[in-house]
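Source file: protein-v9.txt; contents: compact mmCIF, C-alpha atoms (C1' of nucleotides).
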```
# COMPACT_ATOMS: atom_id res chain seq x y z
CA MET A 1 226.09 -2.22 -62.82
CA ILE A 2 224.10 -3.05 -59.74
CA ASP A 3 226.15 -6.01 -58.54
CA THR A 4 229.49 -4.28 -58.76
CA ARG A 5 229.74 -4.51 -55.02
CA GLU A 6 229.10 -8.25 -54.95
CA ARG A 7 231.47 -8.89 -57.81
CA ILE A 8 234.20 -7.05 -55.97
CA LEU A 9 233.52 -9.03 -52.80
CA ASP A 10 233.52 -12.39 -54.59
CA THR A 11 236.67 -11.65 -56.50
CA ALA A 12 238.43 -10.26 -53.45
CA GLU A 13 237.50 -13.32 -51.39
CA ALA A 14 238.91 -15.61 -54.06
CA LEU A 15 242.12 -13.69 -54.64
CA PHE A 16 242.83 -12.90 -51.00
CA GLY A 17 242.38 -16.59 -50.24
CA GLU A 18 244.59 -17.74 -53.10
CA ARG A 19 247.44 -15.28 -52.92
CA GLY A 20 247.08 -13.59 -49.58
CA TYR A 21 245.98 -10.10 -48.70
CA ALA A 22 249.23 -8.23 -49.13
CA ALA A 23 250.13 -10.03 -52.33
CA THR A 24 246.81 -9.18 -53.95
CA SER A 25 246.67 -5.71 -55.41
CA LEU A 26 243.44 -3.83 -55.87
CA ARG A 27 244.35 -3.61 -59.52
CA GLN A 28 244.30 -7.40 -59.82
CA ILE A 29 240.89 -7.46 -58.21
CA ILE A 30 239.38 -4.87 -60.53
CA ALA A 31 240.88 -6.58 -63.57
CA GLU A 32 239.29 -9.91 -62.67
CA ALA A 33 236.02 -8.40 -61.51
CA GLY A 34 235.80 -6.09 -64.50
CA VAL A 35 235.20 -2.94 -62.50
CA ASN A 36 236.99 0.34 -61.99
CA LEU A 37 239.62 0.93 -59.36
CA ALA A 38 237.76 3.77 -57.74
CA ALA A 39 234.65 1.60 -57.37
CA ILE A 40 236.42 -0.26 -54.61
CA HIS A 41 237.07 2.92 -52.72
CA TYR A 42 233.58 4.14 -53.39
CA HIS A 43 231.99 1.01 -51.95
CA PHE A 44 234.49 0.08 -49.27
CA GLY A 45 236.72 3.04 -48.58
CA SER A 46 240.00 1.14 -48.46
CA LYS A 47 241.59 -2.22 -49.07
CA GLU A 48 241.39 -3.00 -45.36
CA HIS A 49 237.68 -2.23 -45.18
CA LEU A 50 237.15 -4.40 -48.22
CA LEU A 51 238.76 -7.29 -46.38
CA ASP A 52 236.51 -6.59 -43.41
CA GLU A 53 233.42 -6.83 -45.59
CA VAL A 54 234.64 -10.04 -47.16
CA VAL A 55 235.02 -11.59 -43.72
CA LEU A 56 231.79 -10.15 -42.37
CA ARG A 57 229.69 -11.82 -45.08
CA LYS A 58 230.85 -15.27 -44.03
CA ALA A 59 231.53 -14.92 -40.32
CA ALA A 60 227.94 -14.46 -39.21
CA PRO A 61 226.74 -18.04 -39.89
CA VAL A 62 229.84 -19.47 -38.23
CA ASN A 63 229.20 -17.38 -35.14
CA GLN A 64 225.55 -18.40 -34.99
CA GLU A 65 226.39 -22.06 -35.33
CA ARG A 66 229.06 -21.78 -32.66
CA MET A 67 226.67 -20.13 -30.24
CA ALA A 68 223.98 -22.72 -30.91
CA ARG A 69 226.34 -25.64 -30.42
CA LEU A 70 227.84 -24.21 -27.24
CA GLU A 71 224.33 -23.66 -25.90
CA ARG A 72 223.38 -27.23 -26.74
CA VAL A 73 226.54 -28.70 -25.29
CA GLU A 74 226.16 -26.77 -22.08
CA ALA A 75 222.47 -27.47 -21.56
CA GLY A 76 222.38 -30.97 -23.03
CA GLY A 77 222.04 -34.18 -21.06
CA GLU A 78 225.47 -35.50 -21.95
CA PRO A 79 228.34 -34.74 -19.61
CA LEU A 80 230.30 -31.60 -20.40
CA THR A 81 233.77 -32.56 -21.61
CA VAL A 82 236.74 -30.77 -23.08
CA GLU A 83 236.21 -32.65 -26.32
CA ARG A 84 232.61 -31.61 -26.68
CA VAL A 85 233.31 -27.95 -26.02
CA LEU A 86 236.21 -27.90 -28.43
CA GLU A 87 234.08 -29.58 -31.05
CA ALA A 88 231.26 -27.11 -30.59
CA PHE A 89 233.75 -24.37 -31.30
CA MET A 90 235.62 -25.94 -34.19
CA VAL A 91 233.08 -27.87 -36.17
CA PRO A 92 231.18 -24.83 -37.47
CA MET A 93 234.36 -23.57 -39.07
CA ALA A 94 235.09 -27.01 -40.48
CA GLU A 95 231.60 -27.27 -41.94
CA THR A 96 231.96 -23.90 -43.58
CA ALA A 97 235.27 -25.09 -44.92
CA GLU A 98 233.66 -28.15 -46.43
CA GLN A 99 231.23 -26.11 -48.52
CA ASN A 100 233.39 -23.07 -48.98
CA PRO A 101 237.07 -23.97 -48.72
CA GLN A 102 238.01 -20.52 -49.94
CA PHE A 103 236.74 -18.80 -46.86
CA VAL A 104 238.64 -20.94 -44.39
CA ARG A 105 241.73 -20.71 -46.50
CA LEU A 106 241.26 -16.99 -46.34
CA MET A 107 241.03 -17.16 -42.55
CA GLY A 108 244.24 -19.13 -42.46
CA ARG A 109 245.87 -16.65 -44.78
CA MET A 110 244.79 -13.74 -42.64
CA HIS A 111 246.37 -15.40 -39.65
CA ALA A 112 249.52 -16.11 -41.62
CA GLU A 113 249.72 -12.43 -42.46
CA GLY A 114 249.16 -11.27 -38.92
CA LEU A 115 245.79 -9.75 -39.67
CA MET A 116 243.75 -12.05 -37.48
CA PRO A 117 243.84 -10.22 -34.14
CA GLY A 118 241.92 -7.31 -35.58
CA ILE A 119 239.56 -9.47 -37.59
CA VAL A 120 238.84 -11.71 -34.63
CA GLU A 121 238.04 -8.74 -32.47
CA ARG A 122 235.74 -7.23 -35.05
CA HIS A 123 233.92 -10.34 -36.20
CA PHE A 124 234.31 -13.33 -33.88
CA GLN A 125 234.53 -11.97 -30.36
CA PRO A 126 231.12 -12.82 -28.85
CA ALA A 127 231.26 -16.50 -29.76
CA ILE A 128 234.82 -16.68 -28.52
CA GLY A 129 233.87 -15.13 -25.21
CA ARG A 130 231.12 -17.69 -24.81
CA PHE A 131 233.53 -20.49 -25.71
CA LEU A 132 236.06 -19.35 -23.11
CA ALA A 133 233.39 -19.28 -20.43
CA VAL A 134 232.20 -22.81 -21.15
CA MET A 135 235.74 -24.07 -21.52
CA ARG A 136 236.59 -22.63 -18.14
CA LYS A 137 233.79 -24.67 -16.60
CA VAL A 138 235.24 -27.97 -17.76
CA LEU A 139 238.73 -27.03 -16.64
CA PRO A 140 238.21 -25.62 -13.15
CA GLU A 141 241.44 -27.15 -11.85
CA LEU A 142 243.65 -24.93 -14.00
CA SER A 143 244.82 -21.58 -12.69
CA GLU A 144 243.55 -18.65 -14.68
CA GLU A 145 247.04 -18.03 -16.03
CA GLU A 146 247.63 -21.61 -17.07
CA PHE A 147 244.19 -21.70 -18.64
CA LEU A 148 244.85 -18.61 -20.75
CA TRP A 149 248.22 -19.92 -21.87
CA ARG A 150 246.65 -23.15 -23.01
CA ILE A 151 244.00 -21.25 -24.90
CA HIS A 152 246.88 -19.38 -26.49
CA PHE A 153 248.51 -22.65 -27.55
CA MET A 154 245.20 -23.86 -28.89
CA ILE A 155 244.70 -20.77 -31.01
CA GLY A 156 248.11 -21.23 -32.57
CA ALA A 157 247.47 -24.87 -33.42
CA MET A 158 243.99 -24.16 -34.69
CA ALA A 159 244.96 -21.27 -36.90
CA HIS A 160 247.86 -23.16 -38.36
CA THR A 161 245.60 -26.13 -39.06
CA MET A 162 242.89 -24.09 -40.74
CA CYS A 163 245.57 -22.49 -42.83
CA GLY A 164 247.33 -25.53 -44.14
CA ALA A 165 248.17 -29.15 -43.78
CA PRO A 166 251.38 -31.15 -43.55
CA ASP A 167 253.12 -31.66 -46.86
CA HIS A 168 252.27 -35.33 -47.14
CA THR A 169 248.53 -34.59 -47.34
CA ARG A 170 248.82 -33.62 -50.97
CA VAL A 171 248.48 -37.31 -51.68
CA ALA A 172 245.83 -38.22 -49.16
CA GLY A 173 243.76 -35.06 -49.63
CA ALA A 174 240.19 -36.30 -49.88
CA PRO A 175 236.75 -34.77 -49.41
CA GLY A 176 235.64 -34.67 -45.81
CA SER A 177 239.18 -33.96 -44.80
CA PHE A 178 238.35 -30.76 -42.96
CA ARG A 179 236.07 -32.60 -40.61
CA THR A 180 238.60 -35.32 -39.97
CA ARG A 181 241.41 -32.89 -39.39
CA ILE A 182 239.22 -31.23 -36.79
CA ASP A 183 238.74 -34.61 -35.14
CA ARG A 184 242.49 -35.05 -34.96
CA LEU A 185 242.96 -31.55 -33.65
CA VAL A 186 240.29 -31.90 -30.99
CA ALA A 187 241.88 -35.11 -29.74
CA PHE A 188 245.31 -33.49 -29.63
CA LEU A 189 244.13 -30.35 -27.88
CA SER A 190 242.07 -32.27 -25.36
CA GLY A 191 245.18 -34.14 -24.36
CA GLY A 192 246.97 -30.84 -24.04
CA PHE A 193 244.32 -29.18 -21.91
CA ARG A 194 244.21 -32.15 -19.59
CA ALA A 195 247.97 -32.43 -19.22
CA PRO A 196 249.39 -31.99 -15.72
CA VAL A 197 250.60 -28.47 -15.01
CA PRO A 198 254.41 -28.33 -15.10
CA ARG A 199 256.29 -27.77 -11.89
CA ARG A 200 258.18 -24.55 -12.54
CA GLN A 201 261.53 -25.62 -11.25
CA GLU A 202 264.17 -23.34 -12.66
CA ILE A 203 262.69 -19.88 -12.27
CA GLU A 204 265.16 -18.85 -9.63
CA VAL A 205 268.07 -19.61 -11.96
CA GLU A 206 267.29 -16.71 -14.24
CA MET B 1 282.24 3.03 -44.33
CA ILE B 2 283.35 -0.47 -43.62
CA ASP B 3 280.62 -1.48 -41.20
CA THR B 4 277.77 -0.31 -43.36
CA ARG B 5 276.74 -3.91 -43.81
CA GLU B 6 276.64 -4.62 -40.08
CA ARG B 7 274.79 -1.41 -39.34
CA ILE B 8 272.15 -2.34 -41.88
CA LEU B 9 271.80 -5.83 -40.42
CA ASP B 10 271.46 -4.56 -36.84
CA THR B 11 268.94 -1.93 -37.75
CA ALA B 12 266.95 -4.30 -39.93
CA GLU B 13 266.82 -6.91 -37.17
CA ALA B 14 265.50 -4.35 -34.72
CA LEU B 15 262.93 -2.81 -37.03
CA PHE B 16 261.71 -6.07 -38.56
CA GLY B 17 261.21 -7.41 -35.05
CA GLU B 18 259.41 -4.31 -33.81
CA ARG B 19 257.15 -3.50 -36.72
CA GLY B 20 257.21 -6.59 -38.90
CA TYR B 21 258.82 -7.21 -42.24
CA ALA B 22 256.18 -5.81 -44.55
CA ALA B 23 255.55 -2.77 -42.37
CA THR B 24 259.22 -1.84 -42.34
CA SER B 25 260.36 0.01 -45.43
CA LEU B 26 263.93 0.02 -46.62
CA ARG B 27 263.77 3.78 -46.34
CA GLN B 28 263.10 3.52 -42.60
CA ILE B 29 266.07 1.23 -42.23
CA ILE B 30 268.47 3.50 -44.08
CA ALA B 31 267.26 6.53 -42.14
CA GLU B 32 267.95 4.85 -38.79
CA ALA B 33 271.19 3.23 -39.92
CA GLY B 34 272.44 6.38 -41.59
CA VAL B 35 273.23 4.74 -44.91
CA ASN B 36 272.06 5.10 -48.47
CA LEU B 37 269.15 3.22 -49.99
CA ALA B 38 271.23 1.70 -52.73
CA ALA B 39 273.68 0.35 -50.16
CA ILE B 40 271.08 -2.21 -49.12
CA HIS B 41 270.71 -3.43 -52.66
CA TYR B 42 274.43 -3.40 -53.12
CA HIS B 43 275.10 -5.53 -50.05
CA PHE B 44 272.03 -7.75 -50.04
CA GLY B 45 270.35 -7.54 -53.39
CA SER B 46 266.80 -7.22 -52.13
CA LYS B 47 264.71 -6.71 -49.04
CA GLU B 48 264.03 -10.43 -48.90
CA HIS B 49 267.70 -11.35 -49.04
CA LEU B 50 268.37 -8.82 -46.31
CA LEU B 51 265.87 -10.63 -44.12
CA ASP B 52 267.59 -13.90 -44.93
CA GLU B 53 270.92 -12.54 -43.78
CA VAL B 54 269.39 -11.19 -40.59
CA VAL B 55 268.03 -14.64 -39.79
CA LEU B 56 271.17 -16.47 -40.86
CA ARG B 57 273.33 -14.56 -38.38
CA LYS B 58 271.31 -15.81 -35.43
CA ALA B 59 269.99 -19.18 -36.57
CA ALA B 60 273.30 -21.02 -36.54
CA PRO B 61 273.79 -21.11 -32.74
CA VAL B 62 270.20 -22.22 -32.23
CA ASN B 63 270.67 -25.05 -34.68
CA GLN B 64 273.90 -26.16 -33.05
CA GLU B 65 272.35 -26.15 -29.61
CA ARG B 66 269.35 -28.08 -30.86
CA MET B 67 271.53 -30.72 -32.42
CA ALA B 68 273.66 -31.03 -29.31
CA ARG B 69 270.67 -31.38 -27.02
CA LEU B 70 268.96 -33.91 -29.25
CA GLU B 71 272.17 -35.92 -29.35
CA ARG B 72 272.47 -35.81 -25.58
CA VAL B 73 268.84 -36.69 -25.00
CA GLU B 74 269.02 -39.61 -27.38
CA ALA B 75 272.27 -41.02 -26.09
CA GLY B 76 271.83 -40.10 -22.44
CA GLY B 77 271.10 -42.51 -19.60
CA GLU B 78 267.69 -41.05 -18.81
CA PRO B 79 264.69 -42.58 -20.52
CA LEU B 80 263.67 -40.97 -23.78
CA THR B 81 260.35 -39.17 -23.26
CA VAL B 82 258.20 -36.84 -25.29
CA GLU B 83 258.91 -34.08 -22.80
CA ARG B 84 262.66 -34.40 -23.07
CA VAL B 85 262.66 -34.39 -26.86
CA LEU B 86 260.35 -31.41 -27.02
CA GLU B 87 262.52 -29.58 -24.54
CA ALA B 88 265.66 -30.31 -26.48
CA PHE B 89 264.04 -28.71 -29.46
CA MET B 90 262.44 -25.71 -27.78
CA VAL B 91 264.83 -24.63 -25.07
CA PRO B 92 267.58 -23.39 -27.41
CA MET B 93 265.12 -20.97 -28.93
CA ALA B 94 263.93 -19.90 -25.50
CA GLU B 95 267.47 -19.31 -24.32
CA THR B 96 268.21 -17.20 -27.33
CA ALA B 97 265.05 -15.30 -26.58
CA GLU B 98 266.18 -14.63 -23.04
CA GLN B 99 269.35 -12.90 -24.15
CA ASN B 100 268.08 -11.55 -27.41
CA PRO B 101 264.31 -11.10 -27.28
CA GLN B 102 264.42 -9.23 -30.56
CA PHE B 103 265.42 -12.28 -32.53
CA VAL B 104 262.66 -14.51 -31.29
CA ARG B 105 260.14 -11.76 -31.67
CA LEU B 106 261.39 -11.49 -35.20
CA MET B 107 260.86 -15.23 -35.69
CA GLY B 108 257.33 -14.90 -34.39
CA ARG B 109 256.73 -11.94 -36.64
CA MET B 110 257.99 -13.83 -39.66
CA HIS B 111 255.55 -16.59 -38.90
CA ALA B 112 252.75 -14.10 -38.40
CA GLU B 113 253.52 -12.70 -41.81
CA GLY B 114 253.63 -16.06 -43.50
CA LEU B 115 257.34 -15.89 -44.22
CA MET B 116 258.37 -18.79 -42.04
CA PRO B 117 258.02 -21.74 -44.43
CA GLY B 118 260.76 -20.34 -46.62
CA ILE B 119 262.95 -19.26 -43.74
CA VAL B 120 262.59 -22.59 -42.00
CA GLU B 121 263.58 -24.43 -45.12
CA ARG B 122 266.59 -22.23 -45.69
CA HIS B 123 267.88 -21.97 -42.15
CA PHE B 124 266.44 -24.54 -39.76
CA GLN B 125 265.83 -27.71 -41.75
CA PRO B 126 268.62 -30.06 -40.57
CA ALA B 127 267.87 -29.66 -36.89
CA ILE B 128 264.17 -30.09 -37.58
CA GLY B 129 264.79 -33.30 -39.49
CA ARG B 130 266.78 -34.63 -36.59
CA PHE B 131 264.04 -33.62 -34.18
CA LEU B 132 261.39 -35.41 -36.21
CA ALA B 133 263.44 -38.59 -36.26
CA VAL B 134 263.95 -38.64 -32.50
CA MET B 135 260.35 -37.65 -31.87
CA ARG B 136 259.21 -40.55 -34.03
CA LYS B 137 261.14 -42.92 -31.80
CA VAL B 138 259.26 -41.92 -28.67
CA LEU B 139 255.90 -42.11 -30.45
CA PRO B 140 256.06 -45.41 -32.31
CA GLU B 141 252.39 -46.16 -31.68
CA LEU B 142 251.16 -43.29 -33.86
CA SER B 143 250.53 -43.85 -37.54
CA GLU B 144 252.77 -41.80 -39.80
CA GLU B 145 249.83 -39.66 -40.78
CA GLU B 146 248.67 -39.00 -37.25
CA PHE B 147 252.25 -38.26 -36.25
CA LEU B 148 252.69 -35.66 -38.97
CA TRP B 149 249.40 -33.99 -38.15
CA ARG B 150 250.40 -33.70 -34.53
CA ILE B 151 253.71 -32.20 -35.54
CA HIS B 152 251.68 -29.78 -37.60
CA PHE B 153 249.59 -28.83 -34.57
CA MET B 154 252.74 -28.43 -32.53
CA ILE B 155 254.30 -26.08 -35.05
CA GLY B 156 251.25 -23.86 -34.97
CA ALA B 157 251.19 -23.68 -31.18
CA MET B 158 254.94 -23.13 -30.98
CA ALA B 159 255.07 -20.39 -33.54
CA HIS B 160 252.14 -18.59 -32.01
CA THR B 161 253.78 -18.83 -28.61
CA MET B 162 257.13 -17.53 -29.76
CA CYS B 163 255.33 -14.70 -31.41
CA GLY B 164 253.19 -13.44 -28.59
CA ALA B 165 251.49 -14.10 -25.33
CA PRO B 166 247.91 -13.91 -24.06
CA ASP B 167 246.75 -10.39 -23.31
CA HIS B 168 246.80 -10.79 -19.55
CA THR B 169 250.59 -11.31 -19.54
CA ARG B 170 251.21 -7.61 -19.87
CA VAL B 171 250.79 -7.51 -16.12
CA ALA B 172 252.65 -10.66 -15.19
CA GLY B 173 255.45 -10.22 -17.73
CA ALA B 174 258.61 -10.93 -15.77
CA PRO B 175 262.18 -11.89 -16.64
CA GLY B 176 262.62 -15.58 -17.22
CA SER B 177 259.22 -15.73 -18.81
CA PHE B 178 260.40 -17.25 -22.04
CA ARG B 179 261.73 -20.29 -20.27
CA THR B 180 258.58 -20.73 -18.23
CA ARG B 181 256.35 -20.33 -21.23
CA ILE B 182 258.32 -23.11 -22.88
CA ASP B 183 257.71 -25.27 -19.81
CA ARG B 184 253.99 -24.67 -20.15
CA LEU B 185 254.07 -25.36 -23.85
CA VAL B 186 256.04 -28.57 -23.46
CA ALA B 187 253.57 -29.86 -20.90
CA PHE B 188 250.64 -28.99 -23.13
CA LEU B 189 252.13 -30.50 -26.25
CA SER B 190 253.22 -33.65 -24.44
CA GLY B 191 249.61 -34.18 -23.40
CA GLY B 192 248.58 -33.65 -26.98
CA PHE B 193 251.08 -36.07 -28.46
CA ARG B 194 250.09 -38.74 -25.99
CA ALA B 195 246.36 -38.30 -26.49
CA PRO B 196 244.44 -41.32 -27.80
CA VAL B 197 243.93 -41.25 -31.55
CA PRO B 198 240.33 -40.29 -32.37
CA ARG B 199 238.05 -42.92 -33.83
CA ARG B 200 236.97 -41.38 -37.11
CA GLN B 201 233.28 -42.03 -36.80
CA GLU B 202 231.38 -39.67 -39.07
CA ILE B 203 233.28 -39.84 -42.32
CA GLU B 204 230.48 -41.63 -44.11
CA VAL B 205 228.06 -38.81 -43.29
CA GLU B 206 229.71 -36.40 -45.66
C1' DG C 1 224.09 7.55 -56.18
C1' DT C 2 227.48 5.02 -59.17
C1' DC C 3 231.21 4.82 -61.57
C1' DT C 4 235.37 6.58 -64.71
C1' DA C 5 239.63 8.90 -65.49
C1' DT C 6 243.47 10.58 -63.67
C1' DA C 7 246.74 12.27 -60.39
C1' DC C 8 249.39 11.78 -55.92
C1' DT C 9 252.55 9.65 -52.55
C1' DG C 10 255.55 6.14 -51.15
C1' DA C 11 257.24 1.44 -51.86
C1' DG C 12 261.24 -1.70 -53.88
C1' DA C 13 264.45 -1.97 -57.53
C1' DT C 14 268.19 -0.52 -60.86
C1' DA C 15 271.69 2.04 -63.89
C1' DG C 16 275.44 4.57 -63.99
C1' DA C 17 278.48 8.46 -62.21
C1' DC C 18 282.03 8.98 -58.85
C1' DG D 1 281.79 0.77 -52.38
C1' DT D 2 278.74 4.50 -52.41
C1' DC D 3 275.29 7.73 -53.98
C1' DT D 4 272.06 10.26 -57.24
C1' DA D 5 268.50 9.81 -60.25
C1' DT D 6 264.97 7.28 -62.06
C1' DC D 7 261.74 3.32 -63.02
C1' DT D 8 257.60 0.63 -62.02
C1' DC D 9 253.84 -0.47 -59.32
C1' DA D 10 251.37 -0.28 -55.05
C1' DG D 11 247.30 2.09 -52.28
C1' DT D 12 244.85 6.24 -52.06
C1' DA D 13 242.25 10.62 -53.24
C1' DT D 14 239.41 13.46 -56.00
C1' DA D 15 236.96 15.74 -59.89
C1' DG D 16 233.51 15.07 -62.69
C1' DA D 17 230.56 12.10 -66.21
C1' DC D 18 226.17 9.68 -66.11
```
Could you write out this file's structure as structure tokens?
Amino acid sequence: MIDTRERILDTAEALFGERGYAATSLRQIIAEAGVNLAAIHYHFGSKEHLLDEVVLRKAAPVNQERMARLERVEAGGEPLTVERVLEAFMVPMAETAEQNPQFVRLMGRMHAEGLMPGIVERHFQPAIGRFLAVMRKVLPELSEEEFLWRIHFMIGAMAHTMCGAPDHTRVAGAPGSFRTRIDRLVAFLSGGFRAPVPRRQEIEVE
Amino acid sequence: MIDTRERILDTAEALFGERGYAATSLRQIIAEAGVNLAAIHYHFGSKEHLLDEVVLRKAAPVNQERMARLERVEAGGEPLTVERVLEAFMVPMAETAEQNPQFVRLMGRMHAEGLMPGIVERHFQPAIGRFLAVMRKVLPELSEEEFLWRIHFMIGAMAHTMCGAPDHTRVAGAPGSFRTRIDRLVAFLSGGFRAPVPRRQEIEVE
DNA sequence: GTCTATACTGAGATAGAC
DNA sequence: GTCTATCTCAGTATAGAC
């Protein structure tokens, strides 16, 4: 069968997103995809490489859109603000989520399973580097260390938000919700990035 | 051997924290602890229950300290602020981390492996409920929905921060760093909680 | 080149002897 | 309480059919 490879990828994307990477066995994937176990290893080499291919298929458009938006936001006539830069970075993922919720759920899952550092490095790095550079421009008053910590906080909040939502949203869950949750997140993070740097009073105590 | 149980718990705490829960096999634990494989199942029933016991041992003091600080902050003469409430919630964990970095690293690891929702529910819920109630008091202007989303963002940032640090910190990693990273986080989150609520402009587009 | 059948190693879990 | 032996199922590897 010529599309064995695609069938494996589609099924893996769905199952990894639903149940998580670790909790999905290759045997579940082959059962649902109707292929042989060894076909996975023939086409992908290992479960980990399979995951990589699943991500790779979908990451490219997100990266392109991020780059384009960052370019636009940096060159555009409107003033460069924290909000706009954050939006340029987040909206592409939210838009993908709108059309393909599975993929973003998968991203969240990967983070929840501690697999994101590697995946980010392999598939999202260039756009992230660009984002950091532009972000730095709108936050020149922060020390490099404080800046990196705040980026760290942001990543945590973002990943957690892509992954899931507060319990109460079961009720209010409506279409368009990914975009609106990004709006909330951008507002929150902007407040965080602009917050005054704490005076570090009690270092000498320790 | 009478302290088989304790030896298993100590070793499990160390290994789970170092390598993660999934990556640590029961066979590694028994090798390092010098006990038999079946002893784990005898004393704890399963790998998951073992993890629960590891967490339970250390969670109690954190919960007590959180409750005490929230009480103090709510009843105290100083004005109730977002910063103070956040601190009351975060500092106990940071202090534990200072003396016992393994435990907090373990907490971070659990989050990174997607095990936290269950653990939180089983071991940290009362203090969290109290925290939410006090937090709500200092943020009366937020809608319930916006409030819960911001708590959601906070949890993501917090967990990610407990878990790890930006790459550059390898160099600057110094004693007392847990407390100072909490100071940074509290400042960031306070800015986020106080940020103006976004006008939700483009919902009709979708 | 693609895929199937099957075997290998190591995981968590369990029964039953001591 | 503890340990040996064993079970099931995971990911992986390979030999060989087409």
Name the residues in contact with A:Ser46 at a cut-off of 12 Å, using only C-alpha atoms (C1' of nucleotides), excluding same-chain residues fewer than 3 positions from it; report them as an mmCIF file with C-alpha atoms (C1' of nucleotides), keeping the file's coordinate frame.
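So out-v6.cif came out as:
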```
data_model
loop_
_atom_site.group_PDB
_atom_site.id
_atom_site.type_symbol
_atom_site.label_atom_id
_atom_site.label_comp_id
_atom_site.auth_asym_id
_atom_site.auth_seq_id
_atom_site.Cartn_x
_atom_site.Cartn_y
_atom_site.Cartn_z
ATOM 1 C CA SER A 25 246.670 -5.710 -55.410
ATOM 2 C CA LEU A 26 243.440 -3.830 -55.870
ATOM 3 C CA LEU A 37 239.620 0.930 -59.360
ATOM 4 C CA ALA A 38 237.760 3.770 -57.740
ATOM 5 C CA ALA A 39 234.650 1.600 -57.370
ATOM 6 C CA ILE A 40 236.420 -0.260 -54.610
ATOM 7 C CA HIS A 41 237.070 2.920 -52.720
ATOM 8 C CA TYR A 42 233.580 4.140 -53.390
ATOM 9 C CA HIS A 43 231.990 1.010 -51.950
ATOM 10 C CA HIS A 49 237.680 -2.230 -45.180
ATOM 11 C CA LEU A 50 237.150 -4.400 -48.220
ATOM 12 C CA LEU A 51 238.760 -7.290 -46.380
ATOM 13 C CA ASP A 52 236.510 -6.590 -43.410
ATOM 14 C CA GLU A 53 233.420 -6.830 -45.590
ATOM 15 C "C1'" DG D 11 247.300 2.090 -52.280
ATOM 16 C "C1'" DT D 12 244.850 6.240 -52.060
ATOM 17 C "C1'" DA D 13 242.250 10.620 -53.240
#
```
Tell me which residues come within 10 Å of (254.1, -33.4, -40.9), as number ranges by chain, counting only C-alpha atoms (C1' of nucleotides) in the file's coordinates. A: 165-169; B: 132, 144-155
With a cut-off of 12 Å and counting only C-alpha atoms (C1' of nucleotides), select all residues of chain C in contact with chain B and give the selection as a JSON list (two decimals) with C-alpha atoms (C1' of nucleotides), in the coordinates of the input.
```json
[["chain", "number", "residue", "atom", "x", "y", "z"],
["C", 10, "DG", "C1'", 255.55, 6.14, -51.15],
["C", 11, "DA", "C1'", 257.24, 1.44, -51.86],
["C", 12, "DG", "C1'", 261.24, -1.70, -53.88],
["C", 13, "DA", "C1'", 264.45, -1.97, -57.53],
["C", 14, "DT", "C1'", 268.19, -0.52, -60.86],
["C", 15, "DA", "C1'", 271.69, 2.04, -63.89]]
```
For the interface of chain D with chain B (cut-off 12 Å, counting all atoms listed in the file), please tabulate each contacting residue of chain D alongside its nearest pair of atoms and their separation in Å to one decimal, rows sorted by chain and increasing number, as a tab-separated table.
```
residue	atom	partner	partner_atom	distance
D:DG1	C1'	B:Met1	CA	8.4
D:DT2	C1'	B:Ala39	CA	6.9
D:DC3	C1'	B:Asn36	CA	6.9
D:DT4	C1'	B:Ala38	CA	9.7
D:DA5	C1'	B:Ala38	CA	11.4
```
Kindly give the distance, in Å, that separates atom CA of A:Asn63 and atom CA of A:Phe89, rounded to a single decimal. 9.2 Å
Please identify all residues of chain B having at least one atom at most 8 Å from any atom of chain A, considering only C-alpha atoms, and return them as a compact mmCIF listing (two decimals) with C-alpha atoms, in the coordinates of the input.
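That gives us part-v3.txt:
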```txt
# COMPACT_ATOMS: atom_id res chain seq x y z
CA ARG B 109 256.73 -11.94 -36.64
CA HIS B 111 255.55 -16.59 -38.90
CA ALA B 112 252.75 -14.10 -38.40
CA GLU B 113 253.52 -12.70 -41.81
CA GLY B 114 253.63 -16.06 -43.50
CA GLU B 146 248.67 -39.00 -37.25
CA LEU B 148 252.69 -35.66 -38.97
CA TRP B 149 249.40 -33.99 -38.15
CA ARG B 150 250.40 -33.70 -34.53
CA HIS B 152 251.68 -29.78 -37.60
CA PHE B 153 249.59 -28.83 -34.57
CA MET B 154 252.74 -28.43 -32.53
CA ILE B 155 254.30 -26.08 -35.05
CA GLY B 156 251.25 -23.86 -34.97
CA ALA B 157 251.19 -23.68 -31.18
CA MET B 158 254.94 -23.13 -30.98
CA ALA B 159 255.07 -20.39 -33.54
CA HIS B 160 252.14 -18.59 -32.01
CA THR B 161 253.78 -18.83 -28.61
CA ALA B 165 251.49 -14.10 -25.33
CA PRO B 166 247.91 -13.91 -24.06
CA PRO B 175 262.18 -11.89 -16.64
CA GLY B 176 262.62 -15.58 -17.22
CA THR B 180 258.58 -20.73 -18.23
CA ASP B 183 257.71 -25.27 -19.81
CA ARG B 184 253.99 -24.67 -20.15
CA LEU B 185 254.07 -25.36 -23.85
CA ALA B 187 253.57 -29.86 -20.90
CA PHE B 188 250.64 -28.99 -23.13
CA LEU B 189 252.13 -30.50 -26.25
CA SER B 190 253.22 -33.65 -24.44
CA GLY B 191 249.61 -34.18 -23.40
CA GLY B 192 248.58 -33.65 -26.98
CA PHE B 193 251.08 -36.07 -28.46
CA ARG B 194 250.09 -38.74 -25.99
CA ALA B 195 246.36 -38.30 -26.49
CA PRO B 196 244.44 -41.32 -27.80
CA VAL B 197 243.93 -41.25 -31.55
CA PRO B 198 240.33 -40.29 -32.37
CA ARG B 200 236.97 -41.38 -37.11
CA ILE B 203 233.28 -39.84 -42.32
CA GLU B 206 229.71 -36.40 -45.66
```
